[in-house]
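Q: Dropping in upload-v8.cif, which is mmCIF, C-alpha atoms and all ligand atoms:
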```cif
data_upload
#
loop_
_atom_site.label_atom_id
_atom_site.label_comp_id
_atom_site.auth_asym_id
_atom_site.auth_seq_id
_atom_site.Cartn_x
_atom_site.Cartn_y
_atom_site.Cartn_z
CA MET F 46 -27.90 43.80 -32.90
CA GLU F 47 -30.60 45.34 -35.01
CA ASP F 48 -27.90 47.01 -37.11
CA LYS F 49 -26.35 43.63 -37.78
CA LEU F 50 -29.73 42.28 -38.78
CA VAL F 51 -30.29 45.18 -41.14
CA ALA F 52 -26.76 44.80 -42.52
CA LYS F 53 -27.36 41.12 -43.27
CA ILE F 54 -30.65 41.77 -45.04
CA LYS F 55 -29.07 44.69 -46.88
CA ARG F 56 -26.14 42.59 -48.06
CA ARG F 57 -28.51 39.91 -49.25
CA ILE F 58 -30.64 42.42 -51.16
CA GLN F 59 -27.60 44.19 -52.64
CA SER F 60 -26.10 40.91 -53.81
CA GLY F 61 -29.11 40.67 -56.10
CA ASN F 62 -30.44 37.82 -54.00
CA ASP F 63 -33.85 39.35 -53.59
CA ILE F 64 -36.00 38.50 -50.60
CA ASP F 65 -39.62 37.79 -51.34
CA THR F 66 -41.75 39.94 -49.06
CA PRO F 67 -43.60 39.78 -46.78
CA CYS F 68 -41.55 37.36 -44.72
CA TYR F 69 -40.64 36.68 -41.12
CA VAL F 70 -37.05 37.25 -40.02
CA TYR F 71 -35.84 35.98 -36.64
CA ASP F 72 -32.72 37.08 -34.83
CA ARG F 73 -31.04 34.13 -33.11
CA GLN F 74 -28.87 36.32 -30.88
CA LYS F 75 -31.83 38.27 -29.61
CA ILE F 76 -33.74 35.12 -28.71
CA LEU F 77 -30.66 33.81 -26.88
CA LYS F 78 -30.43 37.11 -25.04
CA ASN F 79 -34.06 36.84 -23.93
CA ILE F 80 -33.40 33.33 -22.65
CA ALA F 81 -30.35 34.62 -20.77
CA ILE F 82 -32.50 37.30 -19.10
CA LEU F 83 -35.06 34.72 -17.98
CA LYS F 84 -32.32 32.40 -16.74
CA LYS F 85 -30.50 35.18 -14.91
CA ASN F 86 -33.70 36.09 -13.07
CA PHE F 87 -35.07 32.65 -12.38
CA THR F 88 -32.06 30.31 -12.07
CA ASP F 89 -32.41 28.35 -8.82
CA ILE F 90 -36.02 29.49 -8.58
CA ALA F 91 -37.99 28.11 -11.48
CA ARG F 92 -37.87 25.67 -14.34
CA LEU F 93 -38.74 27.35 -17.62
CA TYR F 94 -41.15 26.08 -20.26
CA PHE F 95 -41.75 27.89 -23.55
CA ALA F 96 -45.44 28.47 -24.36
CA VAL F 97 -45.11 27.30 -27.94
CA LYS F 98 -48.34 28.97 -29.07
CA ALA F 99 -46.16 32.07 -29.41
CA ASN F 100 -44.01 30.48 -32.12
CA THR F 101 -43.96 26.93 -33.45
CA ASN F 102 -41.22 27.14 -36.05
CA LEU F 103 -39.12 23.98 -35.61
CA THR F 104 -35.81 25.83 -35.85
CA ILE F 105 -36.91 28.29 -33.17
CA LEU F 106 -38.19 25.46 -30.96
CA LYS F 107 -34.90 23.57 -31.32
CA LEU F 108 -32.95 26.70 -30.48
CA ILE F 109 -35.00 27.15 -27.30
CA LYS F 110 -34.89 23.45 -26.40
CA ASP F 111 -31.11 23.41 -26.74
CA GLN F 112 -30.99 26.03 -23.98
CA GLY F 113 -32.53 23.50 -21.59
CA ILE F 114 -36.07 24.89 -21.74
CA GLY F 115 -39.21 22.71 -21.72
CA ALA F 116 -42.42 23.25 -23.71
CA GLU F 117 -45.94 24.25 -22.73
CA VAL F 118 -48.60 23.08 -25.17
CA VAL F 119 -52.37 23.27 -25.55
CA SER F 120 -53.17 20.70 -28.24
CA PRO F 121 -52.10 17.44 -29.88
CA GLY F 122 -50.89 19.57 -32.81
CA GLU F 123 -48.46 21.40 -30.55
CA ILE F 124 -47.40 18.10 -28.94
CA PHE F 125 -46.68 16.70 -32.41
CA ILE F 126 -44.60 19.74 -33.38
CA CYS F 127 -42.71 19.71 -30.07
CA LYS F 128 -41.85 16.04 -30.42
CA LYS F 129 -40.55 16.77 -33.93
CA ALA F 130 -38.42 19.55 -32.45
CA GLY F 131 -36.94 17.01 -30.04
CA PHE F 132 -38.76 17.70 -26.77
CA LYS F 133 -39.33 14.54 -24.76
CA GLY F 134 -42.80 13.78 -23.38
CA ASN F 135 -41.63 14.50 -19.84
CA GLU F 136 -40.39 17.95 -20.91
CA ILE F 137 -43.88 18.97 -22.04
CA LEU F 138 -46.66 20.54 -19.94
CA TYR F 139 -50.07 20.00 -21.47
CA ASN F 140 -52.53 22.70 -20.40
CA ASN F 141 -55.92 23.51 -21.80
CA VAL F 142 -59.17 24.92 -20.60
CA ALA F 143 -61.07 21.91 -22.02
CA ARG F 144 -59.99 18.75 -23.83
CA LYS F 145 -61.65 15.81 -25.55
CA SER F 146 -60.70 12.29 -24.47
CA GLU F 147 -58.92 11.58 -27.78
CA GLU F 148 -56.66 14.56 -27.13
CA ILE F 149 -55.69 13.14 -23.75
CA TYR F 150 -55.03 9.71 -25.35
CA TYR F 151 -52.75 11.36 -27.88
CA ALA F 152 -50.82 13.14 -25.14
CA LEU F 153 -50.46 9.98 -23.07
CA LYS F 154 -49.25 8.02 -26.08
CA SER F 155 -46.70 10.78 -26.66
CA GLY F 156 -45.34 10.35 -23.15
CA VAL F 157 -46.70 13.60 -21.69
CA GLU F 158 -46.88 13.37 -17.89
CA PHE F 159 -47.95 16.84 -16.73
CA PHE F 160 -51.52 18.04 -17.28
CA ASN F 161 -53.57 20.85 -15.84
CA PHE F 162 -57.32 20.84 -15.37
CA GLU F 163 -59.69 23.77 -15.15
CA SER F 164 -62.98 22.10 -14.18
CA ILE F 165 -64.23 19.12 -12.18
CA ASN F 166 -65.44 17.40 -15.38
CA GLN F 167 -62.02 17.78 -16.93
CA ALA F 168 -60.32 16.34 -13.84
CA ILE F 169 -62.60 13.29 -13.97
CA LEU F 170 -61.90 12.84 -17.68
CA LEU F 171 -58.14 12.91 -17.04
CA GLU F 172 -58.48 10.21 -14.36
CA GLN F 173 -60.69 8.10 -16.66
CA VAL F 174 -58.39 8.21 -19.66
CA ALA F 175 -55.24 7.71 -17.57
CA LYS F 176 -56.90 4.67 -15.98
CA GLU F 177 -57.86 3.21 -19.37
CA MET F 178 -54.28 3.67 -20.56
CA GLY F 179 -52.86 2.37 -17.27
CA LYS F 180 -50.69 5.48 -16.89
CA CYS F 181 -50.04 7.60 -13.84
CA ILE F 182 -50.02 11.32 -14.51
CA LYS F 183 -49.25 14.44 -12.51
CA VAL F 184 -51.98 17.05 -12.53
CA PHE F 185 -52.21 20.72 -11.64
CA VAL F 186 -55.42 22.48 -10.75
CA ARG F 187 -55.60 25.85 -12.47
CA ILE F 188 -57.19 28.41 -10.21
CA ASN F 189 -58.99 31.53 -11.31
CA PRO F 190 -57.44 34.08 -8.94
CA GLY F 191 -59.93 36.82 -9.80
CA ILE F 192 -57.33 39.32 -10.96
CA PHE F 193 -57.65 41.65 -13.92
CA PRO F 194 -54.17 42.81 -14.97
CA GLU F 195 -53.73 45.96 -16.99
CA THR F 196 -53.68 44.53 -20.48
CA HIS F 197 -56.04 44.24 -23.42
CA PRO F 198 -59.30 42.55 -22.20
CA HIS F 199 -58.77 39.75 -24.73
CA LEU F 200 -55.46 38.98 -23.07
CA SER F 201 -56.77 38.80 -19.51
CA THR F 202 -57.40 35.26 -18.29
CA GLY F 203 -57.41 35.62 -14.51
CA SER F 204 -60.51 37.71 -13.85
CA THR F 205 -63.61 36.11 -12.33
CA LYS F 206 -65.48 36.72 -15.59
CA SER F 207 -63.00 34.83 -17.75
CA LYS F 208 -63.68 31.21 -18.73
CA PHE F 209 -60.34 30.04 -17.35
CA GLY F 210 -59.54 28.15 -14.18
CA ILE F 211 -61.48 26.83 -11.23
CA LYS F 212 -63.08 29.23 -8.76
CA MET F 213 -61.45 29.29 -5.33
CA GLU F 214 -64.81 28.19 -3.84
CA GLU F 215 -64.65 25.01 -5.95
CA LEU F 216 -61.42 23.79 -4.32
CA SER F 217 -63.32 21.74 -1.74
CA GLU F 218 -65.00 19.86 -4.59
CA VAL F 219 -61.59 19.34 -6.18
CA LEU F 220 -60.37 17.93 -2.88
CA ARG F 221 -63.30 15.55 -2.66
CA ILE F 222 -62.77 14.04 -6.12
CA ILE F 223 -58.98 13.89 -6.27
CA LYS F 224 -58.97 11.82 -3.08
CA LYS F 225 -60.68 9.08 -5.09
CA PHE F 226 -58.26 9.25 -8.03
CA ARG F 227 -55.70 6.47 -8.54
CA TYR F 228 -54.05 7.55 -11.79
CA ALA F 229 -54.24 11.36 -11.84
CA LYS F 230 -52.27 12.59 -8.86
CA LEU F 231 -52.74 16.21 -7.85
CA VAL F 232 -49.24 17.60 -7.45
CA GLY F 233 -49.60 21.29 -8.13
CA ILE F 234 -51.43 24.57 -8.44
CA HIS F 235 -51.48 26.40 -11.76
CA SER F 236 -52.20 30.07 -12.38
CA HIS F 237 -51.91 32.19 -15.51
CA ILE F 238 -53.57 35.59 -15.33
CA GLY F 239 -53.02 36.88 -18.83
CA SER F 240 -50.54 38.07 -21.37
CA GLN F 241 -48.47 41.18 -22.12
CA ILE F 242 -48.39 42.34 -18.48
CA LEU F 243 -45.78 45.05 -17.95
CA SER F 244 -46.02 45.58 -14.19
CA PRO F 245 -45.00 43.14 -11.44
CA GLU F 246 -48.01 43.69 -9.12
CA PRO F 247 -50.54 41.39 -10.83
CA PHE F 248 -48.03 38.50 -10.69
CA ILE F 249 -47.55 39.08 -6.97
CA LYS F 250 -51.28 39.36 -6.32
CA ALA F 251 -51.89 36.12 -8.20
CA SER F 252 -49.22 34.31 -6.22
CA ARG F 253 -51.08 35.20 -2.98
CA LYS F 254 -54.08 33.30 -4.33
CA VAL F 255 -51.82 30.39 -5.23
CA VAL F 256 -50.59 30.39 -1.62
CA GLU F 257 -54.21 30.34 -0.43
CA ALA F 258 -54.76 27.23 -2.54
CA ILE F 259 -51.59 25.58 -1.21
CA GLU F 260 -52.70 26.29 2.37
CA PHE F 261 -56.15 24.90 1.65
CA PHE F 262 -54.75 21.58 0.46
CA LYS F 263 -52.16 21.51 3.25
CA LYS F 264 -54.91 21.86 5.85
CA ASN F 265 -56.60 18.92 4.19
CA ARG F 266 -53.41 16.84 4.33
CA ILE F 267 -52.56 17.07 0.61
CA LYS F 268 -49.03 18.16 -0.01
CA ILE F 269 -48.52 20.44 -3.00
CA ASP F 270 -45.04 19.95 -4.47
CA PHE F 271 -45.32 22.10 -7.60
CA VAL F 272 -46.66 25.46 -8.66
CA ASN F 273 -46.92 26.59 -12.25
CA LEU F 274 -47.12 30.37 -12.16
CA GLY F 275 -47.85 30.71 -15.86
CA GLY F 276 -46.50 33.17 -18.38
CA GLY F 277 -47.58 36.68 -19.22
CA PHE F 278 -44.31 38.63 -18.96
CA GLY F 279 -44.84 41.65 -21.18
CA VAL F 280 -42.39 43.26 -23.57
CA PRO F 281 -42.30 46.90 -24.71
CA TYR F 282 -44.06 47.29 -28.05
CA ARG F 283 -44.20 51.09 -28.05
CA PRO F 284 -40.95 53.06 -27.99
CA GLU F 285 -42.01 54.77 -24.73
CA GLU F 286 -42.81 51.52 -22.89
CA LYS F 287 -40.37 50.23 -20.25
CA ASP F 288 -39.12 46.69 -19.65
CA LEU F 289 -40.94 44.67 -17.02
CA ASP F 290 -39.14 44.87 -13.67
CA PHE F 291 -38.62 41.23 -12.73
CA SER F 292 -37.03 41.78 -9.32
CA PRO F 293 -40.23 41.99 -7.18
CA ILE F 294 -41.55 38.91 -9.00
CA VAL F 295 -38.31 37.03 -8.43
CA ASP F 296 -38.33 37.90 -4.69
CA CYS F 297 -41.93 36.84 -4.33
CA TYR F 298 -41.45 33.52 -6.13
CA ARG F 299 -38.25 32.80 -4.19
CA GLN F 300 -40.00 33.29 -0.85
CA MET F 301 -42.89 31.13 -1.91
CA LYS F 302 -40.56 28.38 -3.10
CA GLN F 303 -38.61 28.37 0.15
CA ARG F 304 -41.58 28.65 2.47
CA TYR F 305 -43.47 25.72 0.95
CA ASN F 306 -40.51 23.76 -0.40
CA LEU F 307 -41.88 23.91 -3.93
CA GLU F 308 -40.76 23.18 -7.42
CA VAL F 309 -41.72 26.32 -9.37
CA LEU F 310 -42.53 26.19 -13.10
CA LEU F 311 -42.97 29.14 -15.45
CA GLU F 312 -44.32 29.07 -18.98
CA PRO F 313 -43.72 32.39 -20.76
CA GLY F 314 -44.16 32.56 -24.51
CA ARG F 315 -43.98 36.14 -25.75
CA PHE F 316 -40.90 37.07 -23.72
CA PHE F 317 -38.74 34.46 -25.47
CA VAL F 318 -39.45 35.52 -29.01
CA ALA F 319 -41.48 38.72 -29.52
CA ASN F 320 -38.61 41.14 -30.02
CA GLY F 321 -36.54 38.44 -31.74
CA GLY F 322 -38.70 38.56 -34.85
CA TYR F 323 -39.59 41.06 -37.58
CA ILE F 324 -41.79 41.09 -40.62
CA LEU F 325 -39.90 42.39 -43.60
CA THR F 326 -42.32 44.13 -45.92
CA ARG F 327 -42.34 46.54 -48.87
CA LEU F 328 -44.31 49.60 -49.73
CA ILE F 329 -46.61 48.70 -52.62
CA ASP F 330 -48.87 51.74 -52.95
CA LYS F 331 -49.45 55.27 -51.67
CA LYS F 332 -52.54 57.45 -51.70
CA MET F 333 -54.09 60.35 -49.80
CA ARG F 334 -57.11 59.90 -47.56
CA ASN F 335 -58.57 62.62 -45.41
CA HIS F 336 -55.42 64.78 -45.74
CA LEU F 337 -53.24 61.92 -44.52
CA PRO F 338 -50.92 59.87 -46.73
CA VAL F 339 -51.71 56.16 -46.70
CA TYR F 340 -48.78 53.78 -47.13
CA MET F 341 -49.90 50.34 -48.23
CA ILE F 342 -47.47 47.57 -47.49
CA ASP F 343 -47.43 43.97 -48.68
CA ALA F 344 -47.87 42.59 -45.13
CA GLY F 345 -51.26 42.71 -43.49
CA MET F 346 -53.56 41.10 -40.98
CA THR F 347 -52.84 37.72 -42.56
CA GLU F 348 -49.21 37.88 -41.41
CA ASN F 349 -49.89 39.82 -38.20
CA PRO F 350 -53.50 39.86 -37.00
CA ARG F 351 -52.60 41.48 -33.63
CA PRO F 352 -53.50 45.09 -34.58
CA ALA F 353 -56.89 43.93 -35.90
CA LEU F 354 -57.57 41.66 -32.92
CA TYR F 355 -56.21 43.64 -29.99
CA ASP F 356 -55.53 47.11 -31.37
CA ALA F 357 -51.91 46.16 -30.85
CA TYR F 358 -49.16 48.60 -31.72
CA HIS F 359 -46.22 47.21 -33.70
CA HIS F 360 -43.46 49.68 -34.33
CA ILE F 361 -42.69 50.14 -38.02
CA GLU F 362 -39.46 51.60 -39.38
CA PRO F 363 -37.92 51.67 -42.83
CA LEU F 364 -35.22 49.01 -43.20
CA PHE F 365 -32.65 51.54 -44.36
CA LYS F 366 -31.94 54.97 -42.90
CA TYR F 367 -33.46 57.94 -44.75
CA LYS F 368 -32.51 61.58 -44.37
CA GLY F 369 -35.13 64.30 -44.40
CA ARG F 370 -38.21 65.08 -42.41
CA ARG F 371 -40.69 62.54 -41.24
CA LEU F 372 -44.39 62.77 -41.87
CA LYS F 373 -47.48 61.30 -40.29
CA VAL F 374 -48.72 58.40 -42.39
CA ARG F 375 -51.33 55.72 -42.03
CA VAL F 376 -49.91 52.27 -42.67
CA THR F 377 -52.27 49.62 -43.97
CA GLY F 378 -52.01 46.16 -45.43
CA PRO F 379 -53.37 45.23 -48.86
CA LEU F 380 -56.29 43.03 -47.76
CA CYS F 381 -59.95 43.58 -48.45
CA GLU F 382 -60.75 44.45 -44.84
CA ASN F 383 -60.92 47.77 -43.04
CA ALA F 384 -59.32 46.17 -39.98
CA ASP F 385 -56.20 45.53 -42.08
CA GLU F 386 -54.43 48.55 -40.67
CA PHE F 387 -51.30 49.00 -38.53
CA GLY F 388 -51.93 52.57 -37.31
CA VAL F 389 -50.41 56.03 -37.78
CA PHE F 390 -46.62 56.32 -37.79
CA ASN F 391 -43.97 59.00 -38.27
CA LEU F 392 -42.13 57.85 -41.33
CA PRO F 393 -39.83 59.42 -43.89
CA GLU F 394 -41.05 59.94 -47.43
CA LEU F 395 -40.74 56.49 -49.00
CA LYS F 396 -40.93 55.22 -52.56
CA ILE F 397 -42.93 52.28 -53.77
CA GLY F 398 -40.68 49.23 -53.40
CA ASP F 399 -38.91 50.50 -50.26
CA TYR F 400 -38.44 48.01 -47.43
CA LEU F 401 -39.82 48.36 -43.90
CA LEU F 402 -39.55 46.26 -40.75
CA ILE F 403 -42.51 45.52 -38.49
CA HIS F 404 -41.00 45.08 -35.04
CA ASN F 405 -41.90 42.60 -32.29
CA SER F 406 -43.18 40.07 -34.80
CA GLY F 407 -41.62 36.96 -33.28
CA ALA F 408 -44.58 36.05 -31.04
CA TYR F 409 -48.20 35.37 -31.95
CA THR F 410 -47.86 36.40 -35.57
CA ARG F 411 -46.94 33.39 -37.72
CA THR F 412 -48.84 31.11 -35.30
CA MET F 413 -51.96 33.23 -35.75
CA ALA F 414 -51.45 33.92 -39.46
CA SER F 415 -54.06 32.91 -42.02
CA THR F 416 -54.38 32.43 -45.74
CA TYR F 417 -57.35 34.82 -45.96
CA ASN F 418 -57.67 36.48 -49.37
CA GLY F 419 -55.78 33.51 -50.86
CA ARG F 420 -52.48 34.63 -49.42
CA PRO F 421 -50.02 31.74 -48.89
CA LEU F 422 -48.20 31.74 -45.54
CA PRO F 423 -44.86 33.51 -46.08
CA GLN F 424 -41.37 32.11 -45.67
CA GLU F 425 -39.31 32.48 -42.50
CA TYR F 426 -35.62 33.28 -42.15
CA LEU F 427 -33.19 33.05 -39.27
CA ILE F 428 -30.38 35.56 -38.99
CA ASP F 429 -27.37 34.02 -37.40
CA GLY F 430 -23.97 33.93 -39.07
CA GLY F 431 -25.86 34.64 -42.28
CA ILE F 432 -29.45 34.68 -43.33
CA LYS F 433 -30.96 31.22 -43.54
CA LEU F 434 -34.31 30.12 -44.94
CA ILE F 435 -35.97 28.06 -42.17
CA ARG F 436 -39.43 27.60 -43.65
CA LYS F 437 -40.45 27.93 -47.26
CA LYS F 438 -43.38 29.98 -48.41
CA GLN F 439 -46.56 27.98 -48.83
CA SER F 440 -47.26 27.14 -52.46
CA LEU F 441 -50.49 28.00 -54.24
CA LYS F 442 -51.16 24.26 -54.52
CA GLU F 443 -51.00 23.96 -50.74
CA LEU F 444 -53.90 26.39 -50.58
CA ILE F 445 -56.14 23.65 -51.98
CA ALA F 446 -54.40 20.64 -50.43
CA ASN F 447 -56.90 18.18 -48.89
CA GLU F 448 -59.74 19.33 -51.14
N1 LIG C 501 -49.63 29.81 -20.12
C1 LIG C 501 -50.92 29.81 -20.47
C2 LIG C 501 -51.83 28.93 -19.74
C3 LIG C 501 -51.37 30.64 -21.50
O1 LIG C 501 -52.66 30.63 -21.84
C4 LIG C 501 -50.46 31.49 -22.17
C5 LIG C 501 -50.90 32.36 -23.25
C6 LIG C 501 -49.10 31.44 -21.78
C7 LIG C 501 -48.73 30.61 -20.73
C8 LIG C 501 -48.06 32.32 -22.42
O2 LIG C 501 -48.33 33.66 -22.22
P1 LIG C 501 -47.25 34.76 -22.65
O3 LIG C 501 -46.04 34.58 -21.78
O4 LIG C 501 -46.92 34.54 -24.07
O5 LIG C 501 -47.94 36.04 -22.40
N2 LIG C 501 -52.55 35.92 -29.01
C9 LIG C 501 -52.29 36.87 -27.95
C10 LIG C 501 -51.69 36.20 -26.75
C11 LIG C 501 -52.56 35.12 -26.17
C12 LIG C 501 -51.90 34.37 -25.06
C13 LIG C 501 -52.67 33.16 -24.72
N3 LIG C 501 -52.11 32.42 -23.64
C14 LIG C 501 -51.41 38.00 -28.48
O6 LIG C 501 -51.11 38.03 -29.66
O7 LIG C 501 -51.05 38.90 -27.73
#
```
Would you write the structure of this file as structure tokens?
A:
Amino acid sequence: MEDKLVAKIKRRIQSGNDIDTPCYVYDRQKILKNIAILKKNFTDIARLYFAVKANTNLTILKLIKDQGIGAEVVSPGEIFICKKAGFKGNEILYNNVARKSEEIYYALKSGVEFFNFESINQAILLEQVAKEMGKCIKVFVRINPGIFPETHPHLSTGSTKSKFGIKMEELSEVLRIIKKFRYAKLVGIHSHIGSQILSPEPFIKASRKVVEAIEFFKKNRIKIDFVNLGGGFGVPYRPEEKDLDFSPIVDCYRQMKQRYNLEVLLEPGRFFVANGGYILTRLIDKKMRNHLPVYMIDAGMTENPRPALYDAYHHIEPLFKYKGRRLKVRVTGPLCENADEFGVFNLPELKIGDYLLIHNSGAYTRTMASTYNGRPLPQEYLIDGGIKLIRKKQSLKELIANE
């Protein structure tokens, strides 16, 4: 597929139809393939929701929605975008560690029915606002299962130290208050332990804690009908990394579903889109530093802040094939920041102007991009039959809009 992608970009460049770099390029077929993998594993087990924080491009959201997937959101902004993409209120899960009442109003007005809560205060606020609006909502209590998966510490959300979720010891307090609620009905348990997890064990460990919570409520005569087991499915970023083995997770979730007669929800983000996106960039300068060549490209931490934030590795390859030996080079962006650096790569000798692709750029790149250093947000393309512009580059004027 990658060859087709390269061929399409190549044809476009050779036809004199230059592509302004840096830009994001998404591969429709690859995203569809990722959806097929998730469906193959979880059909008959779980309903899938896309964690839209990974990518909020409307074309991408529509593509995912058309495959029968729901949306997981964390803000009114994401609700607004999802509604524009065509998701109905009842296809949206609204999670967040803490919300303000106006955010809950917005969600209720938009027809959202599923909410999580991660503290007693937040549960009370949900009941209050739902009551004022005269709407009944279904709520999930997010537990903190006390699990630290092997991932970057910034991406771990299930350890006892993290701010997320309710402690298991607080469940009796949850029980006490939800019994008084009339509008916010507790229907489910929610757990999300972190992101970019490449081994099945943490998912299985977390589900044991979810079962503990189900049993707790069962003993107290509250039937739990739903579990939302979160996202977090990792994808290989480094060439030597292996795909996540879904089968133990699938077995575990299936047993849980059958044993407790549950509706299981999952909300992955990265897995849908990470490897379905690239940043197309060009070499704009070369210099030597400390006996190592430095290749400066026109994409940086503004387009992909992940290396700066999480020391993330994003594979970089020239767009076209080059003969000859490869050399160790440092690849950096052009921003006025030392953190604007992608790492050391084995690359062929390249000329200024040559194109490169930054891999795995479909998730958490454009949604975390910034205009730092006065850099407008770049355009986005979708490769399908051809190469289609799906979002224009921000204009310079837009940099000062609202001022
Ligand atoms: N559900 C909840 C409650 C979440 O907080 C997240 C991600 C997801 C689902 C989706 O997780 P995924 O399947 O994408 O791993 N900016 C970071 C990732 C932060 C993820 C935050 N929460 C990165 O660039 O790696």
Q: Find the distance between CA of Ile259 (chain F) and CA of Gly233 (chain F) and write it in Å to one decimal.
A: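 Distance between the two atoms: 8.4 Å.
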Q: Tell me which protein, DNA and RNA residues are within 7 Å of Lys331 (chain F), counting only C-alpha atoms, leaving out same-chain ones fewer than 4 positions away, and put them as a list in words.
A: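 Result of the neighbour search: Pro338, Val339, Tyr340 and Met341 of chain F.
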Q: Quick one: write out the picked residues with C-alpha atoms as a compact mmCIF listing (two decimals), in the coordinates of the input?
A:
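That gives us result_3.txt:
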```
# COMPACT_ATOMS: atom_id res chain seq x y z
CA PRO F 338 -50.92 59.87 -46.73
CA VAL F 339 -51.71 56.16 -46.70
CA TYR F 340 -48.78 53.78 -47.13
CA MET F 341 -49.90 50.34 -48.23
```
Q: Please identify every polymer residue within 6 Å of ligand LIG 501 (chain C), using all atoms listed in the file, and present the set as a VMD selection string.
A: chain F and resid 96 99 200 237 240 to 241 275 to 278 312 to 315 351 409
Q: Could those selected residues go to a file with C-alpha atoms, as a JSON list (two decimals), in the frame of the given file?
A:
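Wrote selection-v2.json, looks like this:
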```json
[["chain", "number", "residue", "atom", "x", "y", "z"],
["F", 96, "ALA", "CA", -45.44, 28.47, -24.36],
["F", 99, "ALA", "CA", -46.16, 32.07, -29.41],
["F", 200, "LEU", "CA", -55.46, 38.98, -23.07],
["F", 237, "HIS", "CA", -51.91, 32.19, -15.51],
["F", 240, "SER", "CA", -50.54, 38.07, -21.37],
["F", 241, "GLN", "CA", -48.47, 41.18, -22.12],
["F", 275, "GLY", "CA", -47.85, 30.71, -15.86],
["F", 276, "GLY", "CA", -46.50, 33.17, -18.38],
["F", 277, "GLY", "CA", -47.58, 36.68, -19.22],
["F", 278, "PHE", "CA", -44.31, 38.63, -18.96],
["F", 312, "GLU", "CA", -44.32, 29.07, -18.98],
["F", 313, "PRO", "CA", -43.72, 32.39, -20.76],
["F", 314, "GLY", "CA", -44.16, 32.56, -24.51],
["F", 315, "ARG", "CA", -43.98, 36.14, -25.75],
["F", 351, "ARG", "CA", -52.60, 41.48, -33.63],
["F", 409, "TYR", "CA", -48.20, 35.37, -31.95]]
```
Q: I'd like the interatomic distance between CA of Gln300 (chain F) and CA of Arg187 (chain F), to a tenth of an Å.
A: 20.8 Å
Q: Could you work out how far CA of Thr377 (chain F) lies from CA of Val389 (chain F), giving the answer in Å with one decimal?
A: 9.1 Å
Q: Is it possible to get the residues within 6 Å of (-54.3, 37.4, -7.7) (coordinates as in the file, counting only C-alpha atoms) written as a compact mmCIF listing (two decimals) with C-alpha atoms, in the frame of the given file?
A:
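Just written: out_9.txt:
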```txt
# COMPACT_ATOMS: atom_id res chain seq x y z
CA PRO F 190 -57.44 34.08 -8.94
CA ILE F 192 -57.33 39.32 -10.96
CA LYS F 250 -51.28 39.36 -6.32
CA ALA F 251 -51.89 36.12 -8.20
CA LYS F 254 -54.08 33.30 -4.33
```
Q: Report, as AutoDock Vina command-line options, the axis-aligned box around all atoms of region 312-331 of chain F present in the file, extended by 8 Å on each side; give centre and edge lengths in Å to one decimal place.
A:
```
--center_x -43.0 --center_y 42.2 --center_z -36.0 --size_x 28.9 --size_y 42.2 --size_z 50.0
```
Q: List as a list in words the residues having at least one atom at most 7 Å from position (-44.0, 23.2, -6.8) as given in the file, counting only C-alpha atoms.
A: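 Within the cut-off we find Gly233, Ile269, Asp270, Phe271, Val272, Leu307, Glu308 and Val309 of chain F.
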